[in-house]
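The data block below is data.pdb; it holds PDB, C-alpha atoms, pLDDT in the B column.
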ATOM      1  CA  MET B 133     136.531 -53.649  24.401  1.00 92.00           C
ATOM      2  CA  MET B 134     136.333 -50.386  22.488  1.00 92.00           C
ATOM      3  CA  THR B 135     139.148 -47.885  22.757  1.00 97.00           C
ATOM      4  CA  PHE B 136     138.625 -44.158  22.973  1.00 97.00           C
ATOM      5  CA  ASN B 137     139.614 -43.842  19.312  1.00 97.00           C
ATOM      6  CA  ASP B 138     137.027 -46.483  18.380  1.00 97.00           C
ATOM      7  CA  VAL B 139     134.339 -44.485  20.151  1.00 96.00           C
ATOM      8  CA  VAL B 140     135.417 -41.277  18.403  1.00 97.00           C
ATOM      9  CA  GLU B 141     135.275 -42.989  15.021  1.00 97.00           C
ATOM     10  CA  VAL B 142     131.794 -44.372  15.720  1.00 97.00           C
ATOM     11  CA  ILE B 143     130.587 -40.923  16.778  1.00 97.00           C
ATOM     12  CA  LYS B 144     132.009 -39.399  13.592  1.00 97.00           C
ATOM     13  CA  GLY B 145     129.800 -41.745  11.580  1.00 97.00           C
ATOM     14  CA  LEU B 146     126.579 -40.768  13.328  1.00 98.00           C
ATOM     15  CA  SER B 147     124.006 -38.361  11.974  1.00 98.00           C
ATOM     16  CA  THR B 148     123.930 -34.787  13.215  1.00 98.00           C
ATOM     17  CA  ASP B 149     120.836 -35.545  15.316  1.00 98.00           C
ATOM     18  CA  GLU B 150     122.565 -38.522  16.928  1.00 98.00           C
ATOM     19  CA  LYS B 151     125.671 -36.435  17.646  1.00 98.00           C
ATOM     20  CA  GLN B 152     123.509 -33.784  19.292  1.00 98.00           C
ATOM     21  CA  GLU B 153     121.804 -36.452  21.403  1.00 98.00           C
ATOM     22  CA  ILE B 154     125.200 -37.759  22.510  1.00 98.00           C
ATOM     23  CA  GLN B 155     126.228 -34.201  23.361  1.00 98.00           C
ATOM     24  CA  LEU B 156     123.123 -33.771  25.524  1.00 98.00           C
ATOM     25  CA  LEU B 157     123.785 -37.101  27.247  1.00 98.00           C
ATOM     26  CA  LEU B 158     127.426 -36.234  27.906  1.00 98.00           C
ATOM     27  CA  ASN B 159     126.451 -32.873  29.381  1.00 98.00           C
ATOM     28  CA  GLN B 160     123.959 -34.626  31.650  1.00 98.00           C
ATOM     29  CA  TYR B 161     126.540 -37.221  32.755  1.00 98.00           C
ATOM     30  CA  ILE B 162     129.089 -34.496  33.485  1.00 98.00           C
ATOM     31  CA  ARG B 163     126.538 -32.537  35.566  1.00 98.00           C
ATOM     32  CA  GLU B 164     125.688 -35.672  37.539  1.00 98.00           C
ATOM     33  CA  GLU B 165     129.370 -36.415  38.209  1.00 98.00           C
ATOM     34  CA  ARG B 166     129.944 -32.840  39.390  1.00 97.00           C
ATOM     35  CA  ARG B 167     126.879 -33.073  41.632  1.00 98.00           C
ATOM     36  CA  ASP B 168     128.199 -36.321  43.106  1.00 97.00           C
ATOM     37  CA  ARG B 169     131.603 -34.718  43.800  1.00 97.00           C
ATOM     38  CA  ILE B 170     129.963 -31.704  45.449  1.00 97.00           C
ATOM     39  CA  TYR B 171     127.851 -34.020  47.610  1.00 97.00           C
ATOM     40  CA  ASP B 172     130.881 -36.133  48.574  1.00 96.00           C
ATOM     41  CA  ASN B 173     132.809 -32.981  49.548  1.00 93.00           C
ATOM     42  CA  PHE B 174     129.812 -31.794  51.554  1.00 93.00           C
ATOM     43  CA  LYS B 175     129.649 -35.094  53.444  1.00 95.00           C
ATOM     44  CA  LEU B 176     133.403 -34.933  54.168  1.00 92.00           C
ATOM     45  CA  ALA B 177     133.024 -31.376  55.455  1.00 89.00           C
ATOM     46  CA  GLN B 178     130.187 -32.497  57.739  1.00 91.00           C
ATOM     47  CA  VAL B 179     132.416 -35.194  59.235  1.00 92.00           C
ATOM     48  CA  GLU B 180     135.271 -32.706  59.673  1.00 88.00           C
ATOM     49  CA  GLN B 181     132.888 -30.268  61.355  1.00 86.00           C
ATOM     50  CA  GLN B 182     131.611 -32.948  63.734  1.00 88.00           C
ATOM     51  CA  LYS B 183     135.207 -33.777  64.654  1.00 89.00           C
ATOM     52  CA  GLY B 184     135.960 -30.095  65.188  1.00 84.00           C
ATOM     53  CA  GLU B 185     138.536 -30.100  62.405  1.00 81.00           C
ATOM     54  CA  LEU B 186     137.103 -27.221  60.341  1.00 78.00           C
ATOM     55  CA  LYS B 187     138.721 -23.828  60.803  1.00 77.00           C
ATOM     56  CA  PHE B 188     137.023 -20.556  59.942  1.00 77.00           C
ATOM     57  CA  SER B 189     138.425 -17.048  59.768  1.00 76.00           C
ATOM     58  CA  SER B 190     137.705 -13.671  58.233  1.00 82.00           C
ATOM     59  CA  ASP B 191     141.389 -12.680  58.508  1.00 86.00           C
ATOM     60  CA  ILE B 192     142.946 -12.854  55.012  1.00 89.00           C
ATOM     61  CA  ASN B 193     146.415 -13.702  56.334  1.00 88.00           C
ATOM     62  CA  GLU B 194     145.058 -16.523  58.465  1.00 83.00           C
ATOM     63  CA  LEU B 195     143.079 -17.842  55.487  1.00 82.00           C
ATOM     64  CA  ARG B 196     146.262 -17.887  53.399  1.00 86.00           C
ATOM     65  CA  GLN B 197     148.016 -19.888  56.111  1.00 83.00           C
ATOM     66  CA  LEU B 198     145.122 -22.347  56.276  1.00 78.00           C
ATOM     67  CA  ILE B 199     145.249 -22.855  52.504  1.00 82.00           C
ATOM     68  CA  GLU B 200     149.002 -23.457  52.538  1.00 81.00           C
ATOM     69  CA  GLU B 201     148.773 -26.153  55.251  1.00 71.00           C
TER      70      GLU B 201
END
Would you mind writing the file's structure down as structure tokens?
Amino acid sequence: MMTFNDVVEVIKGLSTDEKQEIQLLLNQYIREERRDRIYDNFKLAQVEQQKGELKFSSDINELRQLIEE
């Protein structure tokens, strides 16, 4: 199994074009992971809404209290 340091060393030895390709791939993977997290949070919020657990307010003091809970 490769360690993180092994991966870094391999990347160092790649050509500039290969490094740029890896950069593009990493950016894509990061976007996909963020999208997955957003979707998971959305699904959790839907469940909370169905259970009546979501609280909404336009009162700033009430919002602060909700955040601190």
Next item on the list: Mind giving me the straight-line distance from atom CA of Leu157 of chain B to atom CA of Glu141 of chain B in Å, one decimal?
Entry: 17.8 Å
Item checked: Residue nearest Val140 of chain B among B:Leu186, B:Ile162, B:Ala177, B:Ile154 (counting all atoms listed in the file) -> B:Ile154
Notebook entry, point to check: atom CA of Glu153 of chain B and atom CA of Ile170 of chain B, how far apart in Å?
Noted result: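 About the pair atom CA of Ile170 of chain B and atom CA of Glu153 of chain B: they are 25.8 Å apart.
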Notebook entry, point to check: Rounded to one decimal in Å, what is the spacing between atom CA of Leu146 of chain B and atom CA of Met134 of chain B?
Noted result: 16.5 Å
As JSON, please report the centre and edge lengths, rounded to one decimal in Å, of the axis-aligned box that holds all listed atoms of segment 153-166 of chain B with 4 Å of padding on each of the six sides.
{"center_x": 125.9, "center_y": -35.1, "center_z": 30.4, "size_x": 16.1, "size_y": 13.2, "size_z": 26.0}
N, CA, C and O atoms are what I want for segment 167-191 of chain B; can you complete it accordingly and write them as a short mmCIF file (atom, residue, chain, number, x, y, z; two decimals), in the coordinates of the input?
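Output below, filename selection32.cif:
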data_model
loop_
_atom_site.label_atom_id
_atom_site.label_comp_id
_atom_site.auth_asym_id
_atom_site.auth_seq_id
_atom_site.Cartn_x
_atom_site.Cartn_y
_atom_site.Cartn_z
N ARG B 167 127.79 -33.06 40.49
CA ARG B 167 126.88 -33.07 41.63
C ARG B 167 127.33 -34.09 42.67
O ARG B 167 127.32 -33.82 43.87
N ASP B 168 127.73 -35.28 42.19
CA ASP B 168 128.20 -36.32 43.11
C ASP B 168 129.45 -35.87 43.85
O ASP B 168 129.59 -36.11 45.05
N ARG B 169 130.38 -35.21 43.15
CA ARG B 169 131.60 -34.72 43.80
C ARG B 169 131.28 -33.66 44.84
O ARG B 169 131.84 -33.66 45.94
N ILE B 170 130.36 -32.75 44.50
CA ILE B 170 129.96 -31.70 45.45
C ILE B 170 129.35 -32.35 46.69
O ILE B 170 129.66 -31.97 47.82
N TYR B 171 128.49 -33.34 46.49
CA TYR B 171 127.85 -34.02 47.61
C TYR B 171 128.89 -34.74 48.47
O TYR B 171 128.85 -34.67 49.70
N ASP B 172 129.83 -35.43 47.83
CA ASP B 172 130.88 -36.13 48.57
C ASP B 172 131.70 -35.15 49.40
O ASP B 172 132.03 -35.42 50.57
N ASN B 173 132.05 -34.00 48.82
CA ASN B 173 132.81 -32.98 49.55
C ASN B 173 132.00 -32.43 50.71
O ASN B 173 132.53 -32.17 51.80
N PHE B 174 130.70 -32.26 50.49
CA PHE B 174 129.81 -31.79 51.55
C PHE B 174 129.80 -32.79 52.72
O PHE B 174 129.90 -32.39 53.88
N LYS B 175 129.67 -34.07 52.40
CA LYS B 175 129.65 -35.09 53.44
C LYS B 175 130.97 -35.12 54.22
O LYS B 175 130.98 -35.25 55.44
N LEU B 176 132.10 -34.99 53.50
CA LEU B 176 133.40 -34.93 54.17
C LEU B 176 133.50 -33.73 55.09
O LEU B 176 134.01 -33.82 56.20
N ALA B 177 132.99 -32.59 54.63
CA ALA B 177 133.02 -31.38 55.46
C ALA B 177 132.16 -31.55 56.70
O ALA B 177 132.53 -31.07 57.79
N GLN B 178 131.03 -32.24 56.57
CA GLN B 178 130.19 -32.50 57.74
C GLN B 178 130.94 -33.33 58.78
O GLN B 178 130.88 -33.03 59.97
N VAL B 179 131.65 -34.35 58.32
CA VAL B 179 132.42 -35.19 59.24
C VAL B 179 133.51 -34.37 59.91
O VAL B 179 133.71 -34.45 61.13
N GLU B 180 134.21 -33.55 59.11
CA GLU B 180 135.27 -32.71 59.67
C GLU B 180 134.69 -31.74 60.70
O GLU B 180 135.30 -31.50 61.75
N GLN B 181 133.51 -31.20 60.42
CA GLN B 181 132.89 -30.27 61.36
C GLN B 181 132.53 -30.98 62.65
O GLN B 181 132.78 -30.47 63.74
N GLN B 182 131.98 -32.19 62.54
CA GLN B 182 131.61 -32.95 63.73
C GLN B 182 132.83 -33.28 64.58
O GLN B 182 132.75 -33.34 65.80
N LYS B 183 133.97 -33.48 63.93
CA LYS B 183 135.21 -33.78 64.65
C LYS B 183 135.90 -32.51 65.16
O LYS B 183 136.92 -32.59 65.82
N GLY B 184 135.36 -31.36 64.78
CA GLY B 184 135.96 -30.10 65.19
C GLY B 184 137.21 -29.75 64.40
O GLY B 184 138.06 -28.99 64.87
N GLU B 185 137.33 -30.30 63.20
CA GLU B 185 138.54 -30.10 62.40
C GLU B 185 138.44 -28.93 61.43
O GLU B 185 139.43 -28.56 60.83
N LEU B 186 137.25 -28.35 61.27
CA LEU B 186 137.10 -27.22 60.34
C LEU B 186 137.55 -25.94 61.02
O LEU B 186 137.28 -25.71 62.19
N LYS B 187 138.25 -25.10 60.28
CA LYS B 187 138.72 -23.83 60.80
C LYS B 187 138.13 -22.72 59.95
O LYS B 187 138.12 -22.78 58.73
N PHE B 188 137.63 -21.69 60.62
CA PHE B 188 137.02 -20.56 59.94
C PHE B 188 137.75 -19.29 60.37
O PHE B 188 138.21 -19.18 61.50
N SER B 189 137.81 -18.33 59.45
CA SER B 189 138.43 -17.05 59.77
C SER B 189 138.01 -16.01 58.73
O SER B 189 137.78 -16.33 57.57
N SER B 190 137.94 -14.77 59.17
CA SER B 190 137.71 -13.67 58.23
C SER B 190 138.99 -12.88 58.01
O SER B 190 139.00 -11.91 57.28
N ASP B 191 140.08 -13.32 58.65
CA ASP B 191 141.39 -12.68 58.51
C ASP B 191 142.09 -13.26 57.27
O ASP B 191 142.36 -14.45 57.19
#
